[in-house]
>>> print(open('coords_38.txt').read())   # compact mmCIF, C-alpha atoms
# COMPACT_ATOMS: atom_id res chain seq x y z
CA MET V 1 -18.37 12.87 -26.62
CA MET V 2 -14.66 12.99 -27.45
CA ASP V 3 -13.46 13.57 -30.96
CA ALA V 4 -10.71 11.57 -32.69
CA THR V 5 -7.92 13.93 -31.59
CA GLU V 6 -8.94 13.79 -27.93
CA ILE V 7 -9.16 10.00 -28.05
CA GLN V 8 -5.68 9.86 -29.59
CA GLN V 9 -4.23 12.10 -26.87
CA LEU V 10 -5.96 10.11 -24.17
CA ALA V 11 -4.66 6.84 -25.63
CA VAL V 12 -1.08 8.17 -25.52
CA ALA V 13 -1.48 9.31 -21.89
CA VAL V 14 -3.03 6.00 -20.80
CA ARG V 15 -0.31 3.99 -22.55
CA ALA V 16 2.43 6.09 -20.92
CA HIS V 17 0.79 5.53 -17.52
CA SER V 18 0.62 1.79 -18.19
CA CYS V 19 4.32 1.72 -19.06
CA VAL V 20 5.19 3.48 -15.79
CA ILE V 21 3.15 0.87 -13.92
CA LEU V 22 5.00 -1.84 -15.83
CA VAL V 23 8.37 -0.47 -14.72
CA ALA V 24 7.25 -0.29 -11.07
CA ASN V 25 5.90 -3.85 -11.18
CA SER V 26 9.09 -5.10 -12.83
CA ILE V 27 11.09 -3.71 -9.90
CA LEU V 28 8.66 -5.36 -7.47
CA MET V 29 8.99 -8.75 -9.17
CA TYR V 30 12.77 -8.42 -9.31
CA ASP V 31 12.80 -7.74 -5.56
CA HIS V 32 10.72 -10.88 -4.99
CA MET V 33 13.15 -13.00 -6.97
CA ALA V 34 16.24 -11.40 -5.38
CA THR V 35 14.99 -12.02 -1.83
CA LEU V 36 13.35 -15.40 -2.39
CA THR V 37 16.24 -17.33 -0.79
CA GLU V 38 16.10 -15.23 2.38
CA GLU V 39 12.33 -15.57 2.47
CA ILE V 40 12.53 -19.37 2.33
CA ASN V 41 15.24 -19.56 4.99
CA PHE V 42 13.83 -17.05 7.47
CA ILE V 43 10.06 -17.31 6.90
CA TRP V 44 8.96 -20.56 5.29
CA ARG V 45 11.34 -22.86 7.21
CA ARG V 46 10.46 -21.45 10.62
CA PRO V 47 7.32 -21.55 12.79
CA LYS V 48 4.75 -19.07 11.51
CA ALA V 49 4.19 -16.29 14.04
CA LEU V 50 1.63 -13.53 13.51
CA SER V 51 4.33 -11.24 12.12
CA ALA V 52 5.37 -13.87 9.58
CA MET V 53 1.78 -14.47 8.48
CA THR V 54 1.10 -10.76 7.98
CA PHE V 55 4.38 -10.45 6.07
CA LEU V 56 3.40 -13.25 3.69
CA VAL V 57 -0.13 -11.96 3.21
CA ASN V 58 1.14 -8.47 2.42
CA ARG V 59 3.89 -9.74 0.13
CA TYR V 60 1.81 -12.04 -2.04
CA PHE V 61 -1.46 -10.11 -1.97
CA ALA V 62 0.42 -7.11 -3.34
CA LEU V 63 2.19 -9.24 -5.94
CA LEU V 64 -0.93 -10.98 -7.23
CA GLY V 65 -2.99 -7.79 -7.16
CA ASN V 66 -0.40 -5.83 -9.13
CA VAL V 67 -0.01 -8.61 -11.68
CA TYR V 68 -3.80 -8.63 -12.12
CA GLY V 69 -3.89 -4.85 -12.56
CA LEU V 70 -0.96 -4.96 -14.97
CA PHE V 71 -2.65 -7.65 -17.06
CA LEU V 72 -5.83 -5.62 -17.34
CA ALA V 73 -3.91 -2.42 -18.12
CA PHE V 74 -2.49 -3.95 -21.30
CA MET V 75 -5.47 -6.07 -22.29
CA PRO V 76 -8.70 -4.79 -23.89
CA THR V 77 -11.56 -4.62 -21.41
CA PRO V 78 -15.12 -5.32 -22.60
CA ASP V 79 -17.65 -2.59 -21.86
CA GLN V 80 -19.71 -4.84 -19.62
CA SER V 81 -16.65 -5.71 -17.50
CA CYS V 82 -15.47 -2.13 -16.96
CA ALA V 83 -17.51 -1.52 -13.80
CA LYS V 84 -16.37 -4.83 -12.26
CA TYR V 85 -12.74 -4.08 -13.07
CA VAL V 86 -12.88 -0.67 -11.37
CA LEU V 87 -14.63 -2.10 -8.30
CA TYR V 88 -12.06 -4.92 -7.98
CA ARG V 89 -9.24 -2.40 -8.30
CA GLN V 90 -10.76 -0.21 -5.59
CA LEU V 91 -11.20 -3.21 -3.29
CA PHE V 92 -7.62 -4.30 -3.94
CA ILE V 93 -6.28 -0.85 -3.02
CA PHE V 94 -8.44 -0.74 0.11
CA PHE V 95 -7.41 -4.18 1.38
CA GLN V 96 -3.76 -3.56 0.50
CA GLN V 97 -3.77 -0.39 2.57
CA LEU V 98 -5.61 -2.25 5.33
CA ILE V 99 -2.91 -4.93 5.48
CA VAL V 100 -0.12 -2.32 5.50
CA CYS V 101 -1.78 -0.36 8.30
CA VAL V 102 -2.24 -3.52 10.38
CA ILE V 103 1.47 -4.27 9.99
CA LEU V 104 2.33 -0.70 11.02
CA ILE V 105 0.11 -1.06 14.10
CA ILE V 106 1.80 -4.34 15.06
CA ARG V 107 5.27 -2.79 14.63
CA THR V 108 4.37 0.22 16.76
CA TYR V 109 2.74 -2.00 19.40
CA ALA V 110 5.94 -4.06 19.64
CA LEU V 111 8.11 -0.93 19.64
CA TYR V 112 6.27 0.41 22.70
CA ASN V 113 6.73 -2.81 24.69
CA CYS V 114 3.25 -4.15 23.86
CA SER V 115 1.42 -1.21 25.38
CA LYS V 116 -2.29 -2.08 25.24
CA ARG V 117 -3.29 1.52 25.84
CA LEU V 118 -1.34 2.64 22.79
CA LEU V 119 -2.74 -0.26 20.76
CA ILE V 120 -6.32 0.76 21.60
CA TRP V 121 -5.75 4.39 20.66
CA ILE V 122 -3.99 3.57 17.39
CA THR V 123 -6.69 1.08 16.45
CA LEU V 124 -9.46 3.60 17.14
CA ILE V 125 -7.70 6.25 15.06
CA PHE V 126 -7.25 3.75 12.25
CA ILE V 127 -10.93 2.72 12.32
CA VAL V 128 -12.04 6.36 12.09
CA PHE V 129 -9.69 7.13 9.19
CA ALA V 130 -10.42 3.88 7.34
CA GLY V 131 -14.16 4.24 7.77
CA GLY V 132 -14.19 7.79 6.46
CA SER V 133 -11.97 6.91 3.51
CA SER V 134 -13.93 3.82 2.44
CA VAL V 135 -17.35 5.46 2.68
CA GLY V 136 -16.29 8.26 0.36
CA THR V 137 -14.48 6.19 -2.24
CA ILE V 138 -15.37 2.50 -2.58
CA GLY V 139 -18.06 1.88 -5.16
CA GLN V 140 -18.27 5.53 -6.25
CA TYR V 141 -17.72 4.77 -9.92
CA ALA V 142 -21.09 4.27 -11.57
CA GLY V 143 -21.33 7.69 -13.21
CA ASN V 144 -17.72 8.27 -14.26
CA LEU V 145 -16.65 5.19 -16.19
CA THR V 146 -15.63 5.23 -19.83
CA ALA V 147 -14.86 2.20 -21.94
CA SER V 148 -13.16 2.68 -25.28
CA PRO V 149 -11.63 0.12 -27.64
CA VAL V 150 -8.63 2.44 -28.05
CA VAL V 151 -7.78 3.20 -24.41
CA GLY V 152 -9.72 0.49 -22.59
CA CYS V 153 -11.51 1.06 -19.28
CA PHE V 154 -10.72 4.25 -17.37
CA GLU V 155 -12.26 6.66 -14.88
CA THR V 156 -12.90 10.38 -15.06
CA TYR V 157 -13.63 12.58 -12.05
CA THR V 158 -15.34 15.86 -11.39
CA VAL V 159 -13.69 18.41 -9.12
CA GLN V 160 -15.86 17.29 -6.18
CA GLU V 161 -14.99 13.62 -6.76
CA SER V 162 -11.29 14.44 -7.02
CA VAL V 163 -11.46 16.27 -3.69
CA ARG V 164 -13.19 13.29 -2.06
CA TYR V 165 -10.55 10.86 -3.27
CA GLY V 166 -7.81 13.27 -2.26
CA ILE V 167 -9.20 13.52 1.27
CA ALA V 168 -9.26 9.71 1.49
CA TRP V 169 -5.56 9.53 0.64
CA LEU V 170 -4.81 12.38 3.05
CA ALA V 171 -6.45 10.33 5.81
CA ILE V 172 -4.04 7.46 5.05
CA LEU V 173 -1.13 9.89 5.01
CA ALA V 174 -2.21 11.32 8.37
CA PHE V 175 -2.35 7.86 9.95
CA GLU V 176 1.07 6.91 8.60
CA LEU V 177 2.44 10.25 9.82
CA ILE V 178 1.20 9.40 13.33
CA ILE V 179 2.97 6.03 13.12
CA PHE V 180 6.16 7.67 11.90
CA VAL V 181 6.12 10.27 14.69
CA LEU V 182 5.58 7.53 17.27
CA THR V 183 8.51 5.59 15.80
CA ILE V 184 10.80 8.64 15.98
CA ARG V 185 9.67 9.41 19.53
CA ARG V 186 10.35 5.89 20.75
CA THR V 187 13.70 5.73 18.98
CA CYS V 188 14.90 9.04 20.40
CA LYS V 189 13.65 8.16 23.88
CA SER V 190 15.42 4.80 23.87
CA ARG V 191 18.69 5.89 22.30
CA GLY V 192 18.96 9.47 23.49
CA LEU V 193 21.62 11.28 21.49
CA LEU V 194 23.39 8.14 20.34
CA PRO V 195 23.79 8.09 16.54
CA LEU V 196 21.74 5.65 14.52
CA ARG V 197 23.69 3.08 12.53
CA LEU V 198 22.12 3.12 9.07
CA VAL V 199 24.88 0.90 7.67
CA GLY V 200 27.01 -1.81 9.14
CA ARG V 201 26.02 -3.68 12.28
CA ARG V 202 22.70 -2.44 13.65
CA ASN V 203 20.35 -3.44 16.44
CA LEU V 204 16.61 -4.03 16.07
CA LEU V 205 15.71 -0.43 16.94
CA ASP V 206 17.99 0.89 14.18
CA VAL V 207 16.37 -1.46 11.68
CA MET V 208 12.81 -0.47 12.64
CA PHE V 209 13.62 3.24 12.44
CA HIS V 210 15.43 2.81 9.13
CA ASP V 211 12.61 0.77 7.56
CA GLY V 212 9.95 3.15 8.89
CA ALA V 213 11.77 6.17 7.47
CA ILE V 214 12.13 4.52 4.06
CA TYR V 215 8.46 3.50 3.95
CA PHE V 216 7.20 6.93 5.00
CA GLY V 217 9.57 8.66 2.59
>>> encode(input="coords_38.txt", output="structure tokens")
Amino acid sequence: MMDATEIQQLAVAVRAHSCVILVANSILMYDHMATLTEEINFIWRRPKALSAMTFLVNRYFALLGNVYGLFLAFMPTPDQSCAKYVLYRQLFIFFQQLIVCVILIIRTYALYNCSKRLLIWITLIFIVFAGGSSVGTIGQYAGNLTASPVVGCFETYTVQESVRYGIAWLAILAFELIIFVLTIRRTCKSRGLLPLRLVGRRNLLDVMFHDGAIYFG
């Protein structure tokens, strides 16, 4: 049981974390507003290919999910709703990463001239990593939830639980590293020693390498 001083310190830490999340979400929403015109012209007013559909799903699923999480971060959470909130947040993170990984697979598949062999291998690797991550993390919250009227609903982890969650995120990092290496390999093989144009007029390969490097970084 925490005393009053520990609760006060925890409340300050949770509020600081919530403010950081608020800043990040403000940047996200600003980006949505700043690029809305381009989105309407190049996505909504054109036939919807698979790439366009995955773009829209990723864009608005992330937006709505982050708004939901931001709302709950600044609103008091009833004790009986704490477990549901944590489960919904875990599911949101899982499906968001799933959508991102599917987009990365589609990009790499297109980059390698629609190689079905590469697609099969990447998909199998993704299934293994995703399965291992989800089994060790989703729903593992029943014994480590705390609801307080001062700090709201939050999770605490033992060392073993922290290691399990860390391994899950390392699996995602490993998969994205594979995608990034494949992107670099294809770019170097196609362009040789020609310099990449990161500014000015660029071709599609430059754009894909640039975007992949920014995302991985």
>>> residues_around(input="coords_38.txt", residues="Thr108 of chain V", least_positions_apart="6", cutoff="10 Å", atoms="all atoms listed in the file", output="list in words")
Val102, Cys114, Ser115, Leu118, Leu119, Ile122, Ile179, Phe180, Leu182, Thr183, Arg186 and Met208 of chain V
>>> closest_residue(input="coords_38.txt", among="V:Ile40, V:Leu72, V:Leu50, V:Ile103", to="Arg89 of chain V", atoms="only C-alpha atoms")
V:Leu72
>>> atom_distance(input="coords_38.txt", atom1="atom CA of Thr37 of chain V", atom2="atom CA of Gly65 of chain V")
22.4 Å
>>> closest_residue(input="coords_38.txt", among="V:Val128, V:Lys189, V:Asn113, V:Val100", to="Ala168 of chain V", atoms="only C-alpha atoms")
V:Val128
>>> atom_distance(input="coords_38.txt", atom1="atom CA of Ala11 of chain V", atom2="atom CA of Gln96 of chain V")
28.1 Å
>>> residues_around(input="coords_38.txt", residues="Ser51 of chain V", least_positions_apart="6", cutoff="12 Å", atoms="all atoms listed in the file", output="list in words")
Ile43, Val57, Asn58, Ile99, Val100, Val102, Ile103, Leu104, Ile105, Ile106, Arg107, Tyr109 and Ala110 of chain V
>>> closest_residue(input="coords_38.txt", among="V:Ile127, V:Ala16, V:Leu177, V:Ala24", to="Phe74 of chain V", atoms="all atoms listed in the file")
V:Ala16
>>> atom_distance(input="coords_38.txt", atom1="atom CA of Leu22 of chain V", atom2="atom CA of Leu70 of chain V")
6.8 Å
>>> closest_residue(input="coords_38.txt", among="V:Thr5, V:Gln97, V:Thr35, V:Ser162", to="Phe129 of chain V", atoms="all atoms listed in the file")
V:Gln97
>>> closest_residue(input="coords_38.txt", among="V:Arg46, V:Val14, V:Tyr165, V:Asn41", to="Gln90 of chain V", atoms="only C-alpha atoms")
V:Tyr165
>>> closest_residue(input="coords_38.txt", among="V:Leu124, V:Leu173, V:Ala73, V:Ala62", to="Cys19 of chain V", atoms="only C-alpha atoms")
V:Ala73
